[in-house]
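**Student:** So here's final05.csv (CSV, C-alpha atoms).
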chain,number,residue,atom,x,y,z
W,1197,MET,CA,52.2,-83.2,9.9
W,1198,ALA,CA,51.9,-81.4,13.2
W,1199,SER,CA,54.3,-78.7,12.0
W,1200,ALA,CA,52.1,-78.1,8.9
W,1201,GLN,CA,49.0,-77.8,11.1
W,1202,ARG,CA,50.7,-75.2,13.3
W,1203,VAL,CA,51.7,-73.2,10.3
W,1204,GLY,CA,48.2,-73.3,8.9
W,1205,SER,CA,46.8,-72.2,12.2
W,1206,MET,CA,49.1,-69.2,12.5
W,1207,THR,CA,48.3,-68.1,8.9
W,1208,ALA,CA,44.6,-68.2,9.7
W,1209,ARG,CA,45.1,-66.0,12.8
W,1210,VAL,CA,47.1,-63.5,10.8
W,1211,ARG,CA,44.4,-63.3,8.1
W,1212,ARG,CA,41.7,-62.8,10.8
W,1213,GLY,CA,43.9,-60.1,12.4
W,1214,ILE,CA,44.4,-58.2,9.1
W,1215,GLY,CA,40.6,-58.3,8.4
W,1216,ARG,CA,39.8,-56.8,11.8
W,1217,HIS,CA,42.4,-54.1,12.0
W,1218,PRO,CA,43.2,-52.2,8.7
W,1219,THR,CA,46.6,-50.8,8.6
W,1220,ARG,CA,47.3,-47.0,8.5
W,1221,GLY,CA,48.7,-47.4,5.0
W,1222,GLN,CA,45.3,-48.4,3.8
W,1223,ALA,CA,43.6,-45.4,5.4
W,1224,PHE,CA,46.0,-43.0,3.7
W,1225,VAL,CA,45.4,-44.7,0.4
W,1226,GLU,CA,41.6,-44.4,0.8
W,1227,LEU,CA,42.0,-40.7,1.9
W,1228,ALA,CA,44.1,-40.0,-1.1
W,1229,LEU,CA,41.5,-41.4,-3.4
W,1230,VAL,CA,38.5,-39.7,-1.8
W,1231,LEU,CA,40.0,-36.3,-1.0
W,1232,PRO,CA,40.2,-35.0,-4.6
W,1233,VAL,CA,36.6,-35.9,-5.2
W,1234,LEU,CA,35.5,-34.1,-2.1
W,1235,LEU,CA,37.5,-31.0,-3.0
W,1236,VAL,CA,35.9,-31.0,-6.5
W,1237,LEU,CA,32.4,-31.2,-5.0
W,1238,VAL,CA,33.1,-28.4,-2.5
W,1239,LEU,CA,34.5,-26.1,-5.3
W,1240,ALA,CA,31.5,-27.0,-7.5
W,1241,GLY,CA,29.1,-26.0,-4.7
W,1242,VAL,CA,30.9,-22.7,-4.2
W,1243,ASP,CA,30.8,-22.0,-7.9
W,1244,LEU,CA,27.1,-22.7,-8.0
W,1245,GLY,CA,26.6,-20.4,-5.1
W,1246,ARG,CA,28.5,-17.7,-7.0
W,1247,LEU,CA,26.4,-18.2,-10.1
W,1248,PHE,CA,23.2,-18.0,-8.0
W,1249,PHE,CA,24.4,-14.7,-6.4
W,1250,ALA,CA,25.3,-13.3,-9.9
W,1251,GLN,CA,21.8,-14.0,-11.2
W,1252,ILE,CA,20.3,-12.2,-8.2
W,1253,ALA,CA,22.6,-9.3,-8.7
W,1254,VAL,CA,21.6,-8.9,-12.4
W,1255,THR,CA,17.9,-9.2,-11.4
W,1256,ASN,CA,18.3,-6.4,-8.8
W,1257,ALA,CA,20.2,-4.3,-11.4
W,1258,ALA,CA,17.3,-4.5,-13.8
W,1259,ARG,CA,14.9,-3.5,-11.0
W,1260,GLU,CA,17.0,-0.6,-9.9
W,1261,GLY,CA,17.3,0.6,-13.5
W,1262,ALA,CA,13.5,0.4,-13.9
W,1263,MET,CA,12.9,2.3,-10.7
W,1264,VAL,CA,15.2,5.2,-11.9
W,1265,ALA,CA,13.6,5.1,-15.4
W,1266,ALA,CA,10.1,5.3,-13.8
W,1267,GLU,CA,11.2,8.6,-12.2
W,1268,ASP,CA,12.9,10.0,-15.3
W,1269,PRO,CA,12.5,8.0,-18.5
W,1270,THR,CA,14.5,10.5,-20.5
W,1271,SER,CA,17.7,10.0,-18.5
W,1272,TYR,CA,19.0,7.1,-20.6
W,1273,SER,CA,21.7,7.0,-23.3
W,1274,GLY,CA,22.3,3.6,-24.7
W,1275,GLY,CA,25.8,2.3,-24.7
W,1276,ASN,CA,27.3,5.5,-23.2
W,1277,PRO,CA,29.2,5.6,-19.9
W,1278,CYS,CA,27.5,6.3,-16.6
W,1279,ASP,CA,26.4,9.9,-16.1
W,1280,ALA,CA,24.2,10.9,-13.2
W,1281,THR,CA,22.4,13.6,-15.2
W,1282,THR,CA,22.0,12.2,-18.7
W,1283,ASN,CA,22.4,8.5,-18.2
W,1284,ALA,CA,21.1,7.8,-14.7
W,1285,VAL,CA,19.4,4.5,-15.7
W,1286,THR,CA,22.7,3.0,-16.8
W,1287,CYS,CA,24.4,4.3,-13.6
W,1288,ALA,CA,21.8,2.6,-11.4
W,1289,ALA,CA,22.0,-0.8,-13.2
W,1290,VAL,CA,25.8,-0.9,-13.4
W,1291,ASN,CA,26.4,0.2,-9.7
W,1292,GLU,CA,23.8,-2.3,-8.4
W,1293,SER,CA,25.4,-5.3,-10.2
W,1294,GLN,CA,29.0,-4.9,-8.8
W,1295,GLY,CA,30.3,-8.3,-7.5
W,1296,PHE,CA,30.9,-11.7,-9.1
W,1297,VAL,CA,29.1,-10.7,-12.3
W,1298,ALA,CA,30.3,-8.2,-15.0
W,1299,VAL,CA,27.9,-5.6,-16.4
W,1300,THR,CA,29.0,-2.8,-18.7
W,1301,PRO,CA,27.1,0.2,-19.9
W,1302,ALA,CA,26.6,-1.6,-23.2
W,1303,ASP,CA,24.8,-4.4,-21.4
W,1304,VAL,CA,22.0,-2.1,-20.2
W,1305,THR,CA,19.1,-1.4,-22.6
W,1306,MET,CA,15.8,0.4,-22.1
W,1307,THR,CA,12.5,0.4,-24.0
W,1308,CYS,CA,9.4,2.4,-23.5
W,1309,THR,CA,5.7,1.7,-24.2
W,1310,PRO,CA,4.3,3.7,-25.9
W,1311,ALA,CA,6.8,6.5,-25.4
W,1312,CYS,CA,9.7,7.6,-23.1
W,1313,ALA,CA,7.9,10.5,-21.6
W,1314,LYS,CA,6.3,11.3,-18.2
W,1315,ALA,CA,2.7,10.6,-19.1
W,1316,TYR,CA,0.0,8.4,-17.6
W,1317,GLY,CA,0.0,4.9,-19.0
W,1318,ASN,CA,3.6,4.9,-20.2
W,1319,LYS,CA,5.8,1.9,-19.1
W,1320,VAL,CA,9.6,1.4,-19.1
W,1321,THR,CA,11.4,-1.9,-19.4
W,1322,VAL,CA,15.1,-2.2,-18.5
W,1323,THR,CA,17.1,-5.3,-19.7
W,1324,VAL,CA,20.5,-6.1,-18.1
W,1325,THR,CA,22.9,-8.7,-19.5
W,1326,GLY,CA,25.4,-10.2,-17.0
W,1327,HIS,CA,28.6,-12.0,-17.8
W,1328,PHE,CA,29.8,-14.7,-15.3
W,1329,THR,CA,33.0,-16.9,-15.3
W,1330,VAL,CA,32.7,-20.4,-14.0
W,1331,LEU,CA,35.9,-21.5,-12.2
W,1332,THR,CA,35.2,-25.3,-11.7
W,1333,PRO,CA,35.6,-27.3,-15.0
W,1334,ILE,CA,33.0,-29.9,-13.9
W,1335,ILE,CA,30.3,-27.2,-14.0
W,1336,TRP,CA,31.1,-26.4,-17.6
W,1337,VAL,CA,29.3,-29.5,-18.7
W,1338,PHE,CA,26.0,-28.0,-17.4
W,1339,THR,CA,26.7,-24.4,-18.3
W,1340,GLY,CA,28.0,-25.0,-21.8
W,1341,GLY,CA,31.4,-23.5,-21.1
W,1342,GLN,CA,33.4,-21.4,-18.8
W,1343,ASN,CA,31.7,-18.1,-19.7
W,1344,VAL,CA,28.0,-17.8,-18.9
W,1345,THR,CA,25.7,-15.0,-20.1
W,1346,PHE,CA,22.2,-14.4,-18.9
W,1347,GLN,CA,19.6,-11.5,-19.1
W,1348,ARG,CA,17.0,-10.2,-16.6
W,1349,GLN,CA,14.2,-7.7,-17.3
W,1350,ALA,CA,12.1,-5.4,-15.1
W,1351,THR,CA,9.1,-3.3,-16.0
W,1352,ALA,CA,7.7,-0.3,-14.2
W,1353,ASP,CA,5.0,2.3,-14.7
W,1354,VAL,CA,6.2,5.9,-15.3
W,1355,ILE,CA,5.6,8.0,-12.2
W,1356,VAL,CA,3.9,11.3,-13.0
W,1357,THR,CA,4.2,14.3,-10.7
W,1358,PRO,CA,0.8,15.0,-9.2
W,1359,VAL,CA,-1.2,17.6,-11.1
W,1360,ILE,CA,-2.8,20.5,-9.2
W,1361,VAL,CA,-6.2,21.5,-10.6
W,1362,SER,CA,-7.0,25.2,-10.1
W,1363,ALA,CA,-10.2,27.0,-10.3
W,1364,PRO,CA,-10.1,30.9,-10.7
W,1365,THR,CA,-12.4,33.1,-8.6
W,1366,ALA,CA,-12.9,36.7,-9.5
W,1367,ALA,CA,-12.5,39.4,-6.8
W,1368,PRO,CA,-12.7,43.1,-7.9
W,1369,THR,CA,-10.0,45.4,-6.5
W,1370,GLU,CA,-11.0,48.5,-4.6
W,1371,ASP,CA,-9.2,51.9,-4.6
W,1372,PRO,CA,-9.0,52.9,-0.9
W,1373,ASP,CA,-8.3,56.5,-1.9
W,1374,ALA,CA,-11.4,56.9,-4.0
W,1375,ASP,CA,-13.9,59.6,-3.0
W,1376,PRO,CA,-17.1,57.8,-2.1
W,1377,THR,CA,-19.2,61.0,-2.8
W,1378,GLU,CA,-20.5,61.7,-6.2
W,1379,ASP,CA,-20.5,65.1,-7.9
W,1380,PRO,CA,-23.9,65.6,-9.6
W,1381,ASP,CA,-22.4,68.2,-11.9
W,1382,ALA,CA,-19.6,66.0,-13.1
W,1383,GLU,CA,-19.5,65.0,-16.7
W,1384,PRO,CA,-20.0,61.2,-17.5
W,1385,SER,CA,-16.6,59.5,-17.6
W,1386,ASP,CA,-15.7,57.1,-20.3
W,1387,ASP,CA,-13.1,55.4,-18.0
W,1388,PRO,CA,-13.5,51.5,-17.9
W,1389,SER,CA,-14.8,49.8,-14.9
W,1390,PRO,CA,-12.4,48.6,-12.2
W,1391,THR,CA,-10.3,45.7,-13.4
W,1392,GLU,CA,-10.7,42.2,-11.8
W,1393,SER,CA,-7.8,40.2,-10.5
W,1394,PRO,CA,-8.6,36.5,-10.3
W,1395,GLU,CA,-7.3,34.5,-7.4
W,1396,VAL,CA,-6.3,30.9,-7.9
W,1397,THR,CA,-7.5,28.3,-5.4
W,1398,PRO,CA,-5.5,25.1,-5.8
W,1399,ILE,CA,-7.3,21.8,-5.5
W,1400,VAL,CA,-5.0,18.8,-4.7
W,1401,CYS,CA,-6.1,15.3,-5.5
W,1402,GLY,CA,-5.8,13.0,-2.5
W,1403,THR,CA,-5.2,9.3,-2.3
W,1404,PRO,CA,-7.9,7.3,-3.9
W,1405,SER,CA,-9.5,4.1,-2.5
W,1406,VAL,CA,-8.0,1.2,-4.5
W,1407,ASP,CA,-9.6,-2.3,-4.4
W,1408,PHE,CA,-11.1,-5.0,-6.6
W,1409,THR,CA,-13.3,-8.1,-6.5
W,1410,TYR,CA,-13.1,-11.3,-8.5
W,1411,SER,CA,-15.3,-14.3,-9.4
W,1412,GLN,CA,-15.1,-17.5,-11.4
W,1413,ALA,CA,-18.3,-19.4,-12.4
W,1414,ARG,CA,-16.6,-22.8,-13.1
W,1415,LYS,CA,-13.1,-24.1,-12.7
W,1416,GLN,CA,-12.5,-24.1,-16.4
W,1417,ASP,CA,-13.7,-20.6,-16.9
W,1418,PRO,CA,-11.7,-17.3,-16.9
W,1419,VAL,CA,-11.6,-15.3,-13.6
W,1420,ALA,CA,-13.6,-12.0,-13.9
W,1421,PHE,CA,-12.1,-8.9,-12.1
W,1422,THR,CA,-14.0,-5.7,-11.2
W,1423,SER,CA,-12.4,-2.6,-9.8
W,1424,THR,CA,-14.2,-1.0,-6.9
W,1425,SER,CA,-11.7,1.8,-6.7
W,1426,THR,CA,-12.9,5.4,-6.3
W,1427,PRO,CA,-13.3,8.2,-7.4
W,1428,THR,CA,-14.5,7.4,-10.9
W,1429,SER,CA,-15.9,10.9,-11.6
W,1430,GLY,CA,-14.9,14.5,-11.0
W,1431,GLU,CA,-11.5,16.3,-11.4
W,1432,CYS,CA,-9.6,13.6,-9.5
W,1433,ALA,CA,-11.3,10.6,-11.2
W,1434,ILE,CA,-9.3,7.5,-12.0
W,1435,ASN,CA,-8.4,7.5,-15.7
W,1436,PHE,CA,-6.2,4.4,-16.1
W,1437,TRP,CA,-6.3,0.8,-14.8
W,1438,ARG,CA,-3.4,-1.7,-15.0
W,1439,TRP,CA,-4.0,-5.4,-14.1
W,1440,GLU,CA,-1.1,-7.7,-13.3
W,1441,PHE,CA,-2.5,-11.3,-13.0
W,1442,GLY,CA,0.5,-12.9,-11.2
W,1443,ASP,CA,1.4,-15.3,-13.9
W,1444,GLY,CA,3.4,-12.9,-16.1
W,1445,SER,CA,0.4,-11.6,-18.0
W,1446,SER,CA,-1.1,-8.1,-17.7
W,1447,ASP,CA,-3.8,-5.9,-19.1
W,1448,ALA,CA,-4.0,-2.1,-19.1
W,1449,GLY,CA,-6.1,0.8,-20.3
W,1450,ALA,CA,-9.6,2.2,-19.6
W,1451,LEU,CA,-10.4,-1.2,-18.0
W,1452,SER,CA,-12.3,-1.0,-14.8
W,1453,THR,CA,-13.3,-4.6,-15.5
W,1454,THR,CA,-11.4,-7.4,-17.2
W,1455,SER,CA,-11.0,-11.2,-17.2
W,1456,HIS,CA,-8.1,-13.6,-17.3
W,1457,ASN,CA,-7.8,-17.3,-18.2
W,1458,TYR,CA,-5.2,-19.0,-15.9
W,1459,GLY,CA,-5.5,-22.3,-17.8
W,1460,PHE,CA,-7.3,-25.5,-16.8
W,1461,PRO,CA,-6.4,-28.0,-15.5
W,1462,GLN,CA,-2.8,-27.1,-14.8
W,1463,ASN,CA,-3.7,-24.0,-12.7
W,1464,ALA,CA,-6.9,-25.3,-11.0
W,1465,GLY,CA,-6.8,-24.5,-7.3
W,1466,ALA,CA,-3.6,-22.3,-7.7
W,1467,THR,CA,-3.1,-19.0,-5.9
W,1468,PHE,CA,-1.8,-15.9,-7.7
W,1469,SER,CA,-0.8,-12.4,-6.4
W,1470,VAL,CA,-2.9,-10.0,-8.5
W,1471,THR,CA,-2.0,-6.3,-8.5
W,1472,LEU,CA,-4.3,-3.5,-9.6
W,1473,THR,CA,-2.6,-0.1,-10.3
W,1474,VAL,CA,-4.8,3.0,-10.9
W,1475,THR,CA,-3.8,6.4,-12.1
W,1476,THR,CA,-5.4,9.7,-11.2
W,1477,PRO,CA,-4.3,13.3,-11.6
W,1478,GLY,CA,-2.8,12.9,-8.1
W,1479,GLY,CA,-0.4,10.0,-9.0
W,1480,THR,CA,-0.3,6.2,-9.3
W,1481,PHE,CA,-1.6,3.9,-6.6
W,1482,ALA,CA,-1.8,0.1,-6.3
W,1483,VAL,CA,-3.2,-2.8,-4.3
W,1484,THR,CA,-2.2,-6.5,-4.3
W,1485,LYS,CA,-4.5,-9.4,-3.4
W,1486,SER,CA,-4.2,-13.2,-3.4
W,1487,VAL,CA,-6.6,-14.8,-6.0
W,1488,THR,CA,-7.2,-18.6,-5.8
W,1489,THR,CA,-8.8,-20.4,-8.8
W,1490,LYS,CA,-11.5,-23.0,-8.4
W,1491,SER,CA,-10.4,-26.6,-8.1
Show this structure as structure tokens.

**Tutor:**
Amino acid sequence: MASAQRVGSMTARVRRGIGRHPTRGQAFVELALVLPVLLVLVLAGVDLGRLFFAQIAVTNAAREGAMVAAEDPTSYSGGNPCDATTNAVTCAAVNESQGFVAVTPADVTMTCTPACAKAYGNKVTVTVTGHFTVLTPIIWVFTGGQNVTFQRQATADVIVTPVIVSAPTAAPTEDPDADPTEDPDAEPSDDPSPTESPEVTPIVCGTPSVDFTYSQARKQDPVAFTSTSTPTSGECAINFWRWEFGDGSSDAGALSTTSHNYGFPQNAGATFSVTLTVTTPGGTFAVTKSVTTKS
């Protein structure tokens, strides 16, 4: 009986010792189970970072293409290789997107509204399609496969070279060798009067004052915008207004005043960055202000 009690006491102590001090073998087994999961999570995080960077690269490529198109909307040839002279828009977009994402000349498209010409009021829109390869299979569940394709767009107003308005002034030329005295016996001459050579005095349009005000009667009403930009008359008068309301909507034309409905109640008390762009014979100028709707 005493021998059985001693054996039971030793067994209990061994069990308590095992509970307090895990063996190294157990630690290696746990590490072997957890390590693959940690590696998959780390690789998935790296892949998501690559995907995020690829989307930023395609966005920047569309913006770069739109900036070049705004300077020269005729330098685009769809689907053709990069050429700095005849296809500068494609060159700008492809060169900007180099990195984790693949963009070919066929992935760059451009549209114009209303025309691809350097004229006031024309707009260009550049669309870039990026192709990205996901390396971690666990991400395929969320991306729909290994190959991911996404598009980004950018729109810009065509930049027009400032126009110089000229006003001719007449100044008759004088013959320094002419005899100032008159001969009373001379016969009348049928020669024409001295010719006039006009001199052109250039008038350059300076930078206009660009600003606007806004008001909203009630929180469910549209916001009214009024341009206070000048000049509005004369040879350098503003002839085009473009409103960008900060929520993806815009309005343009001979619109010194306009209004926009931001939606109630979802946008009550929300703040938007509103941009007013005006065009004069001297160029295109813009101002951006924060507009908060009533709550």

**Student:** Determine, using all atoms listed in the file, which residues of range 1400-1424 of chain W have any atom at most 12 Å from an atom of range 1433-1450 of chain W, and tabulate each with its shortest atom pair and distance in Å to one decimal place, rows ordered by chain and then rising number, as a Markdown table.

**Tutor:**
| residue | atom | partner | partner_atom | distance |
| --- | --- | --- | --- | --- |
| W:Cys1401 | CA | W:Ala1433 | CA | 9.0 |
| W:Gly1402 | CA | W:Ala1433 | CA | 10.6 |
| W:Thr1403 | CA | W:Ile1434 | CA | 10.7 |
| W:Pro1404 | CA | W:Ile1434 | CA | 8.2 |
| W:Ser1405 | CA | W:Ile1434 | CA | 10.1 |
| W:Val1406 | CA | W:Ile1434 | CA | 9.9 |
| W:Asp1407 | CA | W:Trp1437 | CA | 11.3 |
| W:Phe1408 | CA | W:Trp1439 | CA | 10.3 |
| W:Tyr1410 | CA | W:Phe1441 | CA | 11.5 |
| W:Pro1418 | CA | W:Phe1441 | CA | 11.7 |
| W:Val1419 | CA | W:Phe1441 | CA | 10.0 |
| W:Ala1420 | CA | W:Phe1441 | CA | 11.2 |
| W:Phe1421 | CA | W:Trp1439 | CA | 9.0 |
| W:Thr1422 | CA | W:Trp1439 | CA | 10.4 |
| W:Ser1423 | CA | W:Trp1437 | CA | 8.6 |
| W:Thr1424 | CA | W:Ile1434 | CA | 11.1 |

**Student:** From the options W:Leu1451, W:Ala1258, W:Ile1355, W:Leu1247, which residue's atoms come nearest to Ala1315 in chain W, counting all atoms listed in the file?

**Tutor:**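 Ranked by minimum distance to Ala1315 in chain W, first place goes to W:Ile1355.
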
**Student:** For range 1461-1470 of chain W, work out the shell of residues within 6 Å, counting only C-alpha atoms and skipping chain neighbours fewer than 6 positions away, then give it as a list of chain:residue names.

**Tutor:** W:Glu1440, W:Phe1441, W:Gly1442, W:Thr1484, W:Lys1485, W:Ser1486, W:Val1487, W:Thr1488, W:Thr1489, W:Lys1490, W:Ser1491

**Student:** Which polymer residues, protein or nucleic acid, are no farther than 8 Å from (8.4, 1.6, -24.5), counting only C-alpha atoms, as JSON, numbers by chain?

**Tutor:** {"W": [1306, 1307, 1308, 1309, 1310, 1311, 1312, 1318, 1319, 1320, 1321]}

**Student:** Quick check, in Å to one decimal: how far apart do CA of Ala1298 in chain W and CA of His1327 in chain W lie?

**Tutor:** 5.0 Å

**Student:** Contacts between range 1350-1354 of chain W and range 1222-1265 of chain W, please, where a residue of range 1222-1265 of chain W counts if it comes within 10 Å (with all atoms listed in the file); show its shortest atom pair and distance in Å to one decimal, rows by chain and ascending number, as CSV.

**Tutor:**
residue,atom,partner,partner_atom,distance
W:Thr1255,CA,W:Ala1350,CA,7.9
W:Asn1256,CA,W:Ala1350,CA,8.9
W:Ala1257,CA,W:Ala1350,CA,9.0
W:Ala1258,CA,W:Ala1350,CA,5.4
W:Arg1259,CA,W:Ala1350,CA,5.3
W:Glu1260,CA,W:Ala1350,CA,8.6
W:Gly1261,CA,W:Ala1350,CA,8.1
W:Ala1262,CA,W:Ala1352,CA,5.8
W:Met1263,CA,W:Ala1352,CA,6.8
W:Val1264,CA,W:Ala1352,CA,9.6
W:Ala1265,CA,W:Val1354,CA,7.4

**Student:** Within 12 Å of Gln1347 in chain W, counting all atoms listed in the file, which residues show up once you throw out same-chain ones fewer than 3 positions away? Write them as a PyMOL selection string, please.

**Tutor:** chain W and resi 1250-1258+1297-1299+1303-1305+1322-1328+1344+1350
